[in-house]
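Asks: Sharing upload.tsv (TSV, C-alpha atoms) below.
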chain	number	residue	atom	x	y	z
A	1	MET	CA	-10.26	68.16	-5.65
A	2	VAL	CA	-8.93	67.28	-9.11
A	3	SER	CA	-9.07	70.14	-11.57
A	4	ARG	CA	-10.77	69.79	-14.95
A	5	PHE	CA	-7.35	70.11	-16.58
A	6	GLU	CA	-5.91	67.23	-14.54
A	7	GLN	CA	-8.98	65.08	-15.09
A	8	PHE	CA	-8.98	65.76	-18.84
A	9	CYS	CA	-5.25	65.07	-19.24
A	10	SER	CA	-5.43	61.94	-17.13
A	11	SER	CA	-8.44	60.56	-19.03
A	12	VAL	CA	-6.96	61.32	-22.47
A	13	SER	CA	-3.64	59.78	-21.43
A	14	CYS	CA	-5.38	56.68	-20.08
A	15	ILE	CA	-7.44	56.26	-23.26
A	16	PHE	CA	-4.37	56.70	-25.47
A	17	HIS	CA	-2.36	54.21	-23.40
A	18	HIS	CA	-5.08	51.57	-23.64
A	19	VAL	CA	-5.65	52.13	-27.36
A	20	GLN	CA	-1.92	51.67	-27.96
A	21	LYS	CA	-1.91	48.48	-25.90
A	22	ILE	CA	-4.93	47.08	-27.77
A	23	GLU	CA	-3.28	47.94	-31.11
A	24	ARG	CA	-0.02	46.32	-30.00
A	25	VAL	CA	-1.72	43.11	-28.81
A	26	GLU	CA	-4.06	42.81	-31.80
A	27	MET	CA	-1.39	43.57	-34.41
A	28	ALA	CA	1.04	41.10	-32.82
A	29	LYS	CA	-1.41	38.35	-33.84
A	30	TYR	CA	-0.50	39.18	-37.45
A	31	GLY	CA	3.20	39.70	-36.84
A	32	LEU	CA	2.77	43.47	-37.07
A	33	LYS	CA	3.16	46.40	-34.69
A	34	GLY	CA	0.61	48.79	-33.23
A	35	PRO	CA	1.34	51.72	-35.57
A	36	HIS	CA	0.50	49.51	-38.56
A	37	ALA	CA	-3.18	49.40	-37.56
A	38	GLN	CA	-4.03	53.02	-38.25
A	39	CYS	CA	-1.96	53.06	-41.43
A	40	LEU	CA	-3.68	49.94	-42.83
A	41	LEU	CA	-7.12	51.30	-42.02
A	42	ALA	CA	-6.37	54.68	-43.57
A	43	MET	CA	-4.93	53.14	-46.72
A	44	SER	CA	-7.97	50.88	-47.10
A	45	ARG	CA	-10.08	54.03	-47.58
A	46	TYR	CA	-7.94	54.95	-50.62
A	47	PRO	CA	-8.04	51.93	-52.96
A	48	GLN	CA	-6.77	54.09	-55.83
A	49	GLY	CA	-3.67	54.88	-53.76
A	50	ILE	CA	-2.47	57.58	-51.43
A	51	THR	CA	0.82	59.45	-51.21
A	52	ALA	CA	2.96	59.21	-48.09
A	53	SER	CA	2.50	62.93	-47.43
A	54	ARG	CA	-1.29	62.58	-47.58
A	55	LEU	CA	-1.08	59.51	-45.35
A	56	CYS	CA	0.79	61.65	-42.79
A	57	GLU	CA	-2.14	64.08	-42.77
A	58	VAL	CA	-4.82	61.40	-42.63
A	59	CYS	CA	-3.11	59.52	-39.77
A	60	ASP	CA	-1.89	62.70	-38.06
A	61	LYS	CA	1.64	61.24	-37.87
A	62	ASP	CA	4.98	62.75	-38.76
A	63	LYS	CA	6.82	61.86	-41.95
A	64	ALA	CA	9.44	59.69	-40.22
A	65	ALA	CA	6.81	57.56	-38.47
A	66	ILE	CA	4.84	57.02	-41.67
A	67	SER	CA	8.01	56.28	-43.61
A	68	ARG	CA	9.04	53.57	-41.11
A	69	THR	CA	5.55	52.09	-41.00
A	70	VAL	CA	5.16	52.01	-44.79
A	71	ALA	CA	8.62	50.46	-45.21
A	72	GLU	CA	7.71	47.70	-42.75
A	73	LEU	CA	4.37	47.10	-44.48
A	74	GLU	CA	6.17	46.92	-47.84
A	75	ARG	CA	8.63	44.34	-46.47
A	76	GLU	CA	5.67	42.28	-45.27
A	77	GLY	CA	4.09	42.42	-48.74
A	78	LEU	CA	1.07	44.39	-47.54
A	79	VAL	CA	1.80	47.64	-49.38
A	80	GLU	CA	3.17	48.43	-52.82
A	81	ARG	CA	4.31	51.68	-54.44
A	82	GLU	CA	3.46	52.82	-57.93
A	83	ASP	CA	6.48	54.65	-59.28
A	84	VAL	CA	5.83	58.00	-60.92
A	85	ASN	CA	8.02	58.56	-64.00
A	86	GLY	CA	10.53	56.03	-62.70
A	87	SER	CA	10.74	57.70	-59.28
A	88	ARG	CA	9.40	56.61	-55.92
A	89	TYR	CA	9.02	60.26	-54.89
A	90	ARG	CA	5.32	61.06	-54.55
A	91	ALA	CA	4.51	57.49	-55.49
A	92	ALA	CA	1.01	56.26	-54.79
A	93	LEU	CA	0.89	53.69	-52.00
A	94	ARG	CA	-1.64	50.89	-52.32
A	95	LEU	CA	-2.55	47.88	-50.27
A	96	THR	CA	-1.79	44.55	-51.89
A	97	ALA	CA	-4.38	41.77	-51.76
A	98	ARG	CA	-2.72	40.59	-48.52
A	99	GLY	CA	-2.80	44.18	-47.26
A	100	ARG	CA	-6.52	44.48	-47.97
A	101	GLU	CA	-7.17	41.23	-46.10
A	102	ALA	CA	-5.11	42.46	-43.14
A	103	ALA	CA	-6.94	45.81	-43.18
A	104	GLN	CA	-10.29	44.01	-43.13
A	105	ARG	CA	-9.23	41.97	-40.09
A	106	VAL	CA	-7.94	45.10	-38.35
A	107	ASP	CA	-11.16	46.95	-39.17
A	108	ALA	CA	-13.28	44.13	-37.71
A	109	ARG	CA	-11.21	44.09	-34.51
A	110	ALA	CA	-11.30	47.90	-34.26
A	111	ARG	CA	-15.08	47.93	-34.65
A	112	PHE	CA	-15.36	45.29	-31.93
A	113	ALA	CA	-13.08	47.28	-29.60
A	114	VAL	CA	-15.03	50.50	-30.19
A	115	GLU	CA	-18.30	48.67	-29.52
A	116	LYS	CA	-16.95	47.26	-26.25
A	117	ALA	CA	-15.44	50.61	-25.22
A	118	GLY	CA	-18.77	52.36	-25.76
A	119	ALA	CA	-20.82	49.77	-23.87
A	120	GLY	CA	-23.45	51.42	-21.71
A	121	LEU	CA	-23.69	54.58	-23.81
A	122	THR	CA	-26.81	55.46	-25.72
A	123	ASP	CA	-26.56	56.66	-29.31
A	124	ALA	CA	-27.46	60.17	-28.10
A	125	GLN	CA	-24.69	60.13	-25.47
A	126	ARG	CA	-22.21	58.88	-28.06
A	127	GLU	CA	-23.20	61.65	-30.47
A	128	VAL	CA	-22.74	64.35	-27.81
A	129	PHE	CA	-19.45	62.82	-26.66
A	130	TYR	CA	-17.91	62.79	-30.14
A	131	ALA	CA	-19.17	66.29	-30.92
A	132	ALA	CA	-17.61	67.57	-27.69
A	133	LEU	CA	-14.38	65.63	-28.24
A	134	ASN	CA	-14.04	66.95	-31.80
A	135	GLN	CA	-14.64	70.51	-30.60
A	136	ILE	CA	-12.02	70.16	-27.86
A	137	ALA	CA	-9.55	68.76	-30.40
A	138	ALA	CA	-10.21	71.67	-32.77
A	139	ASN	CA	-9.84	74.21	-29.95
A	140	LEU	CA	-6.59	72.62	-28.77
A	141	GLN	CA	-5.22	72.68	-32.31
A	142	VAL	CA	-5.87	76.44	-32.51
A	143	ILE	CA	-4.21	76.96	-29.13
A	144	SER	CA	-1.29	74.79	-30.18
A	145	ASP	CA	-0.87	76.65	-33.47
A	146	GLU	CA	-1.42	80.18	-32.15
A	147	GLY	CA	-0.41	79.89	-28.50
A	148	LEU	CA	-2.31	81.01	-25.44
A	149	GLU	CA	-3.17	84.68	-25.35
A	150	GLU	CA	-3.05	86.40	-21.98
A	151	GLN	CA	-6.44	87.59	-20.80
How would this structure read if it were set down as structure tokens?
Replies:
Amino acid sequence: MVSRFEQFCSSVSCIFHHVQKIERVEMAKYGLKGPHAQCLLAMSRYPQGITASRLCEVCDKDKAAISRTVAELEREGLVEREDVNGSRYRAALRLTARGREAAQRVDARARFAVEKAGAGLTDAQREVFYAALNQIAANLQVISDEGLEEQ
């Protein structure tokens, strides 16, 4: 019999693997990579701009990953930086017009994927699922931050 731990880890790993594959395939259509998807979507929610450090928090990615992703998006002309007092440190990152168009396409594809992934679930089931998933994520964050106490 598979334990709850094994089942949970296997399911989460499977979901993550498939999400990454979908991101990779969909973003390749635009000449981009999978990690660009989440970054574009997050930045689209901050039209006034967002700092790289805040983007790390919003995307739950480390600084190096966000730095690489933003640099690639800048090279592609999808993101621009607003210098602060002549410095790029703490500069606001904004999507360009091309970046906003790309984010809209990514958002449409993401919505479609989420709709297909949730096929067969009622709104009530979906609500319970996300509430439970968010609670598990919060509990795991506490355990990760504080460690497991012996009972």
Asks: Here is a test: counting only C-alpha atoms, which residue of A:Pro47, A:Asn134, A:Glu74, A:Thr69 is nearest to Arg100 of chain A?
Replies: A:Pro47
Asks: So how far away is atom CA of Lys61 of chain A from atom CA of Ser11 of chain A, in Å?
Replies: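 So the answer is 21.4 Å.
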Asks: Can you list, as a PyMOL selection string, every protein, DNA or RNA residue that comes within 10 Å of Val19 of chain A when you count only C-alpha atoms, leaving out same-chain residues fewer than 6 positions away?
Replies: chain A and resi 13+25+34+110+113-114
Asks: Could you tell me how far atom CA of Ala65 of chain A lies from atom CA of Ile143 of chain A, in Å and to one decimal?
Replies: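 Interatomic distance here is 24.2 Å.
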Asks: Would you mind telling me which residue in A:Val106, A:Met43, A:Leu93, A:Glu72 lies nearest to Lys29 of chain A when using only C-alpha atoms?
Replies: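 For Lys29 of chain A, the nearest of the given residues is A:Val106.
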Asks: Please report the interatomic distance between atom CA of Asp60 of chain A and atom CA of Ala138 of chain A in Å with one decimal.
Replies: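 Separation between atom CA of Asp60 of chain A and atom CA of Ala138 of chain A: 13.3 Å.
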Asks: Which residue, A:Arg126, A:Arg105, A:Arg111, A:Arg94, has the smallest gap to Thr51 of chain A when you use all atoms listed in the file?
Replies: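 When distances to Thr51 of chain A are compared using all atoms listed in the file, the smallest one comes from A:Arg94.
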Asks: Could you please give me, as an NGL selection string, the residues of protein, DNA or RNA lying at most 7 Å from (-0.9, 59.2, -57.0) in the coordinate frame of the file, considering all atoms listed in the file?
Replies: :A and (49-51 or 90-92)
Asks: Find the smallest box with edges along x, y and z containing every listed atom of segment 42-51 of chain A, then add 4 Å on each side and report centre and edge lengths in Å to one decimal, as AutoDock Vina command-line options.
Replies:
--center_x -4.6 --center_y 55.2 --center_z -49.7 --size_x 18.9 --size_y 16.6 --size_z 20.3
Asks: Point out the residue among A:Leu148, A:Leu78, A:Ala103, A:Val128 with the least atom-to-atom distance to Ala42 of chain A, counting all atoms listed in the file.
Replies: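 Smallest distance to Ala42 of chain A is found for A:Ala103.
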Asks: With distances taken over all atoms listed in the file, which of A:Gly99, A:Gly147, A:Gly77, A:Gly118 is nearest to Ala37 of chain A?
Replies: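 Among the listed residues, the smallest separation from Ala37 of chain A belongs to A:Gly99.
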Asks: Counting all atoms listed in the file, which residue out of A:Arg68, A:Leu32, A:Val142, A:Gln135 sits closest to Cys56 of chain A?
Replies: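 Of A:Arg68, A:Leu32, A:Val142, A:Gln135, the one nearest Cys56 of chain A is A:Arg68, counting all atoms listed in the file.
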